[in-house]
Amino acid sequence: MKIVDASVVVTSPGRNFVTLRITTDDGVTGLGDATLNGRELAVVSYLRDHVAPLLIGLDPHKIEDTWQSLYRGAYWRRGPVTMAAIAAVDVALWDIKAKVANLPLYQLLGGASRDRVRTYGHANGRDLPELFDSVRERMAQGYQSIRIQTGVPGLKRVYGVHGEPEVLQGLERADGHPRPLVEDWDTGAYLRHTPSVFEAVRNEFGPDLPLLHDSHHRLSPIQAARLGKDLEPYDLFWLEDCTPAENQEGLRLVRSKTTTPLAIGEVFNTIHDFRTLVNEQLIDYVRAAVTHFGGVSPLKKLFDFAAQQQIKTAIHGPEDISPVGMAAAIHMDLAVHNFGIQEYAGYTPATEEVFRHAFTFTDGHLHPGEAPGIGVELDDELAAAHPYAPAYLPVNRLADGTVHDW
Ligand code: CS2
Ligand code: MG
């Protein structure tokens, strides 16, 4: 069996997605997600100009060798662009291997370790009434765990909460913003406000509903320690990205001050980014996504590493992970033993039409389905009807204009 074609499809059914399709001489095809929110075209070029030509003629069954050749052979290792491109190749080859075996991918990853995959959804509101309505909407959709994001008094527009209530679940949609919007931030106001939000949510929805919160890299370690401690009475499922974790050692301070569980890593792209965090058990969930971490092959290695320290998986799953990346994630979720939870923000109807998938969402749980491979088909004709449009995530600034973490 040989690879005869590797093509990149860019489509924007509500937001930009980048997909790699690998085709073999037997006519078997595999898909891989290469979407990097706000920097999509960099990955398109990396794939089209530097990777696809190298794949032609290779044996598609040699997944590990191909991965290692692309990672080590590039010389310039790591980074979101490189690892998203390699991820797309990896997932497409796993898709092909599983199709040839006539098995759903999870069966090649050790088979099912559970019946279904629990998820969490996004609730957001500029104020408490809007937030409570959003929580009820997610619960009505079946979600049994919910991420809470709200506005902050005095701030116009913050992460996860948009002025337009119709924005789907307050996602970080880069669509429609051809230049980065500027959002404002005040850490003090946020730290003073957030505990009262969770007190109100607990009073409204009771003590048992698993609640999550994302600080989105915006706090210093001591500020993160304070927030984690202030949130302990509200028994969060996790506090996410409480501090920029390139400074992995910074989590030692946070960990020493609070028992609030910590989740980190959606922006990480190799196992080295997690080394201290996992070895010293500084976090409870690893957030890496198939699409940004180099694919299924390296993510499985990370999950096994994390399992040694009783750390669980929590694959990143916002709307800017395409249904291709999501499908690969759900297969991993079903198979790995140390599964924690899967983020699932859902997709626009147009996205569901372009990417026909076998995975299902029922009663707050996902299942990858039994289709051979990862179970996703990309409709090229429909994809072409949604051309790429430049779009960027917002930039976050303090009141004095200083750019802040986002
Ligand atoms: C967020 C993401 O889902 C999350 O946890 O951190 O929505 C993130 O803002 C986007 O994926 C960035 O593209
Ligand atoms: Mg996040």
# chains A, B, ... in the order shown; residues from 1 in each chain; ligands from 1

$ residues_near_ligand --ligand "ligand 1" --cutoff "8 Å" --atoms "only C-alpha atoms and all ligand atoms" --output "mmCIF file with N, CA and C atoms, in the first residue's frame"
data_model
loop_
_atom_site.group_PDB
_atom_site.id
_atom_site.type_symbol
_atom_site.label_atom_id
_atom_site.label_comp_id
_atom_site.auth_asym_id
_atom_site.auth_seq_id
_atom_site.Cartn_x
_atom_site.Cartn_y
_atom_site.Cartn_z
ATOM 1 N N LEU A 36 -5.605 25.594 13.283
ATOM 2 C CA LEU A 36 -4.935 26.370 14.323
ATOM 3 C C LEU A 36 -5.600 27.743 14.340
ATOM 4 N N ASN A 37 -6.482 27.963 15.290
ATOM 5 C CA ASN A 37 -7.365 29.121 15.329
ATOM 6 C C ASN A 37 -6.606 30.442 15.199
ATOM 7 N N GLY A 38 -6.855 31.168 14.100
ATOM 8 C CA GLY A 38 -6.220 32.470 13.894
ATOM 9 C C GLY A 38 -4.911 32.409 13.130
ATOM 10 N N TYR A 159 -13.221 37.146 27.918
ATOM 11 C CA TYR A 159 -13.145 35.809 27.335
ATOM 12 C C TYR A 159 -14.366 34.967 27.670
ATOM 13 N N GLY A 160 -14.896 34.330 26.660
ATOM 14 C CA GLY A 160 -15.967 33.357 26.880
ATOM 15 C C GLY A 160 -17.334 33.991 27.027
ATOM 16 N N LEU A 171 -18.434 30.763 22.638
ATOM 17 C CA LEU A 171 -17.159 30.179 22.213
ATOM 18 C C LEU A 171 -16.200 31.265 21.764
ATOM 19 N N GLU A 172 -14.938 30.937 21.796
ATOM 20 C CA GLU A 172 -13.935 31.870 21.284
ATOM 21 C C GLU A 172 -13.921 31.759 19.768
ATOM 22 N N ARG A 173 -14.948 32.371 19.159
ATOM 23 C CA ARG A 173 -15.041 32.265 17.701
ATOM 24 C C ARG A 173 -14.144 33.326 17.092
ATOM 25 N N ALA A 174 -13.233 32.864 16.239
ATOM 26 C CA ALA A 174 -12.371 33.835 15.547
ATOM 27 C C ALA A 174 -13.052 34.292 14.261
ATOM 28 N N ASP A 214 -12.526 28.570 33.536
ATOM 29 C CA ASP A 214 -11.304 28.756 32.768
ATOM 30 C C ASP A 214 -10.774 30.170 32.994
ATOM 31 N N HIS A 216 -8.040 31.181 31.716
ATOM 32 C CA HIS A 216 -7.461 31.512 30.413
ATOM 33 C C HIS A 216 -6.105 32.205 30.508
ATOM 34 N N GLU A 240 -9.209 25.939 35.275
ATOM 35 C CA GLU A 240 -8.399 25.687 34.065
ATOM 36 C C GLU A 240 -7.492 26.858 33.729
ATOM 37 N N ASP A 241 -6.284 26.511 33.226
ATOM 38 C CA ASP A 241 -5.334 27.539 32.780
ATOM 39 C C ASP A 241 -5.284 28.703 33.748
ATOM 40 N N GLU A 266 -4.018 23.102 27.015
ATOM 41 C CA GLU A 266 -4.604 23.135 25.664
ATOM 42 C C GLU A 266 -3.673 23.814 24.664
ATOM 43 N N HIS A 316 -9.063 18.951 24.894
ATOM 44 C CA HIS A 316 -9.599 20.263 24.509
ATOM 45 C C HIS A 316 -10.594 20.074 23.362
ATOM 46 N N GLY A 317 -11.799 20.666 23.523
ATOM 47 C CA GLY A 317 -12.816 20.394 22.500
ATOM 48 C C GLY A 317 -13.734 21.557 22.179
ATOM 49 N N PRO A 318 -13.198 22.786 22.018
ATOM 50 C CA PRO A 318 -14.049 23.907 21.620
ATOM 51 C C PRO A 318 -14.413 23.808 20.145
ATOM 52 N N GLU A 319 -15.130 24.789 19.657
ATOM 53 C CA GLU A 319 -15.613 24.732 18.274
ATOM 54 C C GLU A 319 -14.479 24.798 17.265
ATOM 55 N N ASP A 320 -13.297 25.301 17.693
ATOM 56 C CA ASP A 320 -12.207 25.396 16.714
ATOM 57 C C ASP A 320 -11.364 24.137 16.629
ATOM 58 N N ILE A 321 -11.810 23.078 17.311
ATOM 59 C CA ILE A 321 -11.308 21.734 16.994
ATOM 60 C C ILE A 321 -12.351 21.165 16.030
ATOM 61 N N GLU A 343 -14.291 17.979 26.662
ATOM 62 C CA GLU A 343 -14.955 19.244 26.348
ATOM 63 C C GLU A 343 -15.674 19.074 25.027
ATOM 64 N N ALA A 345 -18.226 21.497 22.637
ATOM 65 C CA ALA A 345 -18.981 22.754 22.501
ATOM 66 C C ALA A 345 -20.030 22.657 21.400
ATOM 67 N N LEU A 393 -8.415 35.592 16.916
ATOM 68 C CA LEU A 393 -8.858 35.688 18.303
ATOM 69 C C LEU A 393 -8.615 37.121 18.777
#

$ residues_around --residues "A:Pro207" --least-positions-apart "2" --cutoff "8 Å" --atoms "only C-alpha atoms" --output "list in words"
Arg202, Asn203, Phe205, Leu209, Tyr234 and Asp235 of chain A

$ residues_around --residues "A:Asn338" --least-positions-apart "5" --cutoff "8 Å" --atoms "only C-alpha atoms" --output "PyMOL selection string"
chain A and resi 303+307+310-313

$ write_last_selection --atoms "all heavy atoms" --output "PDB file, in the first residue's frame"
ATOM      1  N   PHE A 303      -0.818  10.505  27.706  1.00  0.00           N
ATOM      2  CA  PHE A 303      -1.839   9.970  28.613  1.00  0.00           C
ATOM      3  C   PHE A 303      -1.262   8.860  29.488  1.00  0.00           C
ATOM      4  O   PHE A 303      -1.575   8.766  30.688  1.00  0.00           O
ATOM      5  CB  PHE A 303      -3.049   9.478  27.823  1.00  0.00           C
ATOM      6  CG  PHE A 303      -3.872  10.587  27.195  1.00  0.00           C
ATOM      7  CD1 PHE A 303      -4.867  10.289  26.283  1.00  0.00           C
ATOM      8  CD2 PHE A 303      -3.654  11.927  27.506  1.00  0.00           C
ATOM      9  CE1 PHE A 303      -5.641  11.298  25.693  1.00  0.00           C
ATOM     10  CE2 PHE A 303      -4.410  12.945  26.932  1.00  0.00           C
ATOM     11  CZ  PHE A 303      -5.407  12.625  26.034  1.00  0.00           C
ATOM     12  N   ALA A 307      -0.918   8.992  33.510  1.00  0.00           N
ATOM     13  CA  ALA A 307      -1.582   7.950  34.311  1.00  0.00           C
ATOM     14  C   ALA A 307      -0.697   7.490  35.467  1.00  0.00           C
ATOM     15  O   ALA A 307      -1.184   7.115  36.533  1.00  0.00           O
ATOM     16  CB  ALA A 307      -1.951   6.762  33.430  1.00  0.00           C
ATOM     17  N   GLN A 310      -1.535   9.556  38.432  1.00  0.00           N
ATOM     18  CA  GLN A 310      -2.969   9.656  38.742  1.00  0.00           C
ATOM     19  C   GLN A 310      -3.601  10.911  38.146  1.00  0.00           C
ATOM     20  O   GLN A 310      -4.541  11.474  38.713  1.00  0.00           O
ATOM     21  CB  GLN A 310      -3.199   9.613  40.249  1.00  0.00           C
ATOM     22  CG  GLN A 310      -2.715   8.309  40.891  1.00  0.00           C
ATOM     23  CD  GLN A 310      -2.573   8.453  42.386  1.00  0.00           C
ATOM     24  OE1 GLN A 310      -1.612   9.049  42.868  1.00  0.00           O
ATOM     25  NE2 GLN A 310      -3.536   7.906  43.113  1.00  0.00           N
ATOM     26  N   ILE A 311      -3.065  11.343  37.011  1.00  0.00           N
ATOM     27  CA  ILE A 311      -3.605  12.517  36.307  1.00  0.00           C
ATOM     28  C   ILE A 311      -4.499  12.019  35.176  1.00  0.00           C
ATOM     29  O   ILE A 311      -4.158  11.045  34.492  1.00  0.00           O
ATOM     30  CB  ILE A 311      -2.462  13.402  35.778  1.00  0.00           C
ATOM     31  CG1 ILE A 311      -1.657  13.960  36.955  1.00  0.00           C
ATOM     32  CG2 ILE A 311      -2.988  14.517  34.882  1.00  0.00           C
ATOM     33  CD1 ILE A 311      -0.371  14.668  36.555  1.00  0.00           C
ATOM     34  N   LYS A 312      -5.625  12.695  34.989  1.00  0.00           N
ATOM     35  CA  LYS A 312      -6.596  12.231  34.007  1.00  0.00           C
ATOM     36  C   LYS A 312      -6.613  13.094  32.751  1.00  0.00           C
ATOM     37  O   LYS A 312      -6.085  14.215  32.735  1.00  0.00           O
ATOM     38  CB  LYS A 312      -7.991  12.229  34.660  1.00  0.00           C
ATOM     39  CG  LYS A 312      -8.139  11.173  35.784  1.00  0.00           C
ATOM     40  CD  LYS A 312      -9.569  11.093  36.253  1.00  0.00           C
ATOM     41  CE  LYS A 312      -9.759  10.045  37.344  1.00  0.00           C
ATOM     42  NZ  LYS A 312      -9.424   8.680  36.871  1.00  0.00           N
ATOM     43  N   THR A 313      -7.249  12.546  31.715  1.00  0.00           N
ATOM     44  CA  THR A 313      -7.311  13.239  30.421  1.00  0.00           C
ATOM     45  C   THR A 313      -8.506  14.184  30.393  1.00  0.00           C
ATOM     46  O   THR A 313      -9.520  13.956  31.069  1.00  0.00           O
ATOM     47  CB  THR A 313      -7.485  12.219  29.281  1.00  0.00           C
ATOM     48  OG1 THR A 313      -8.830  11.695  29.319  1.00  0.00           O
ATOM     49  CG2 THR A 313      -6.477  11.095  29.398  1.00  0.00           C
TER      50      THR A 313
END

$ closest_residue --among "A:Arg72, A:Arg126, A:Arg116, A:Arg15" --to "A:Phe361" --atoms "only C-alpha atoms"
A:Arg116

$ residues_around --residues "A:Ala289" --least-positions-apart "3" --cutoff "10 Å" --atoms "only C-alpha atoms" --output "list of chain:residue names"
A:Ala84, A:Ala87, A:Gly265, A:Glu266, A:Val267, A:Phe268, A:Asn269, A:Val286, A:His292, A:Phe293, A:Gly294, A:Gly295, A:Val296, A:Leu299, A:Thr313, A:Ala314, A:Ile315, A:His316, A:Gly317, A:Ile321, A:Gly325, A:Met326, A:Ala328, A:Ala329

$ atom_distance --atom1 "atom CA of A:Leu109" --atom2 "atom CA of A:His365"
19.8 Å

$ closest_residue --among "A:Pro244, A:Gly154, A:Gly142, A:Pro368" --to "ligand 2" --atoms "only C-alpha atoms and all ligand atoms"
A:Pro244

$ closest_residue --among "A:Ala263, A:Leu93, A:Ala42, A:Ala306" --to "A:Asp59" --atoms "only C-alpha atoms"
A:Leu93
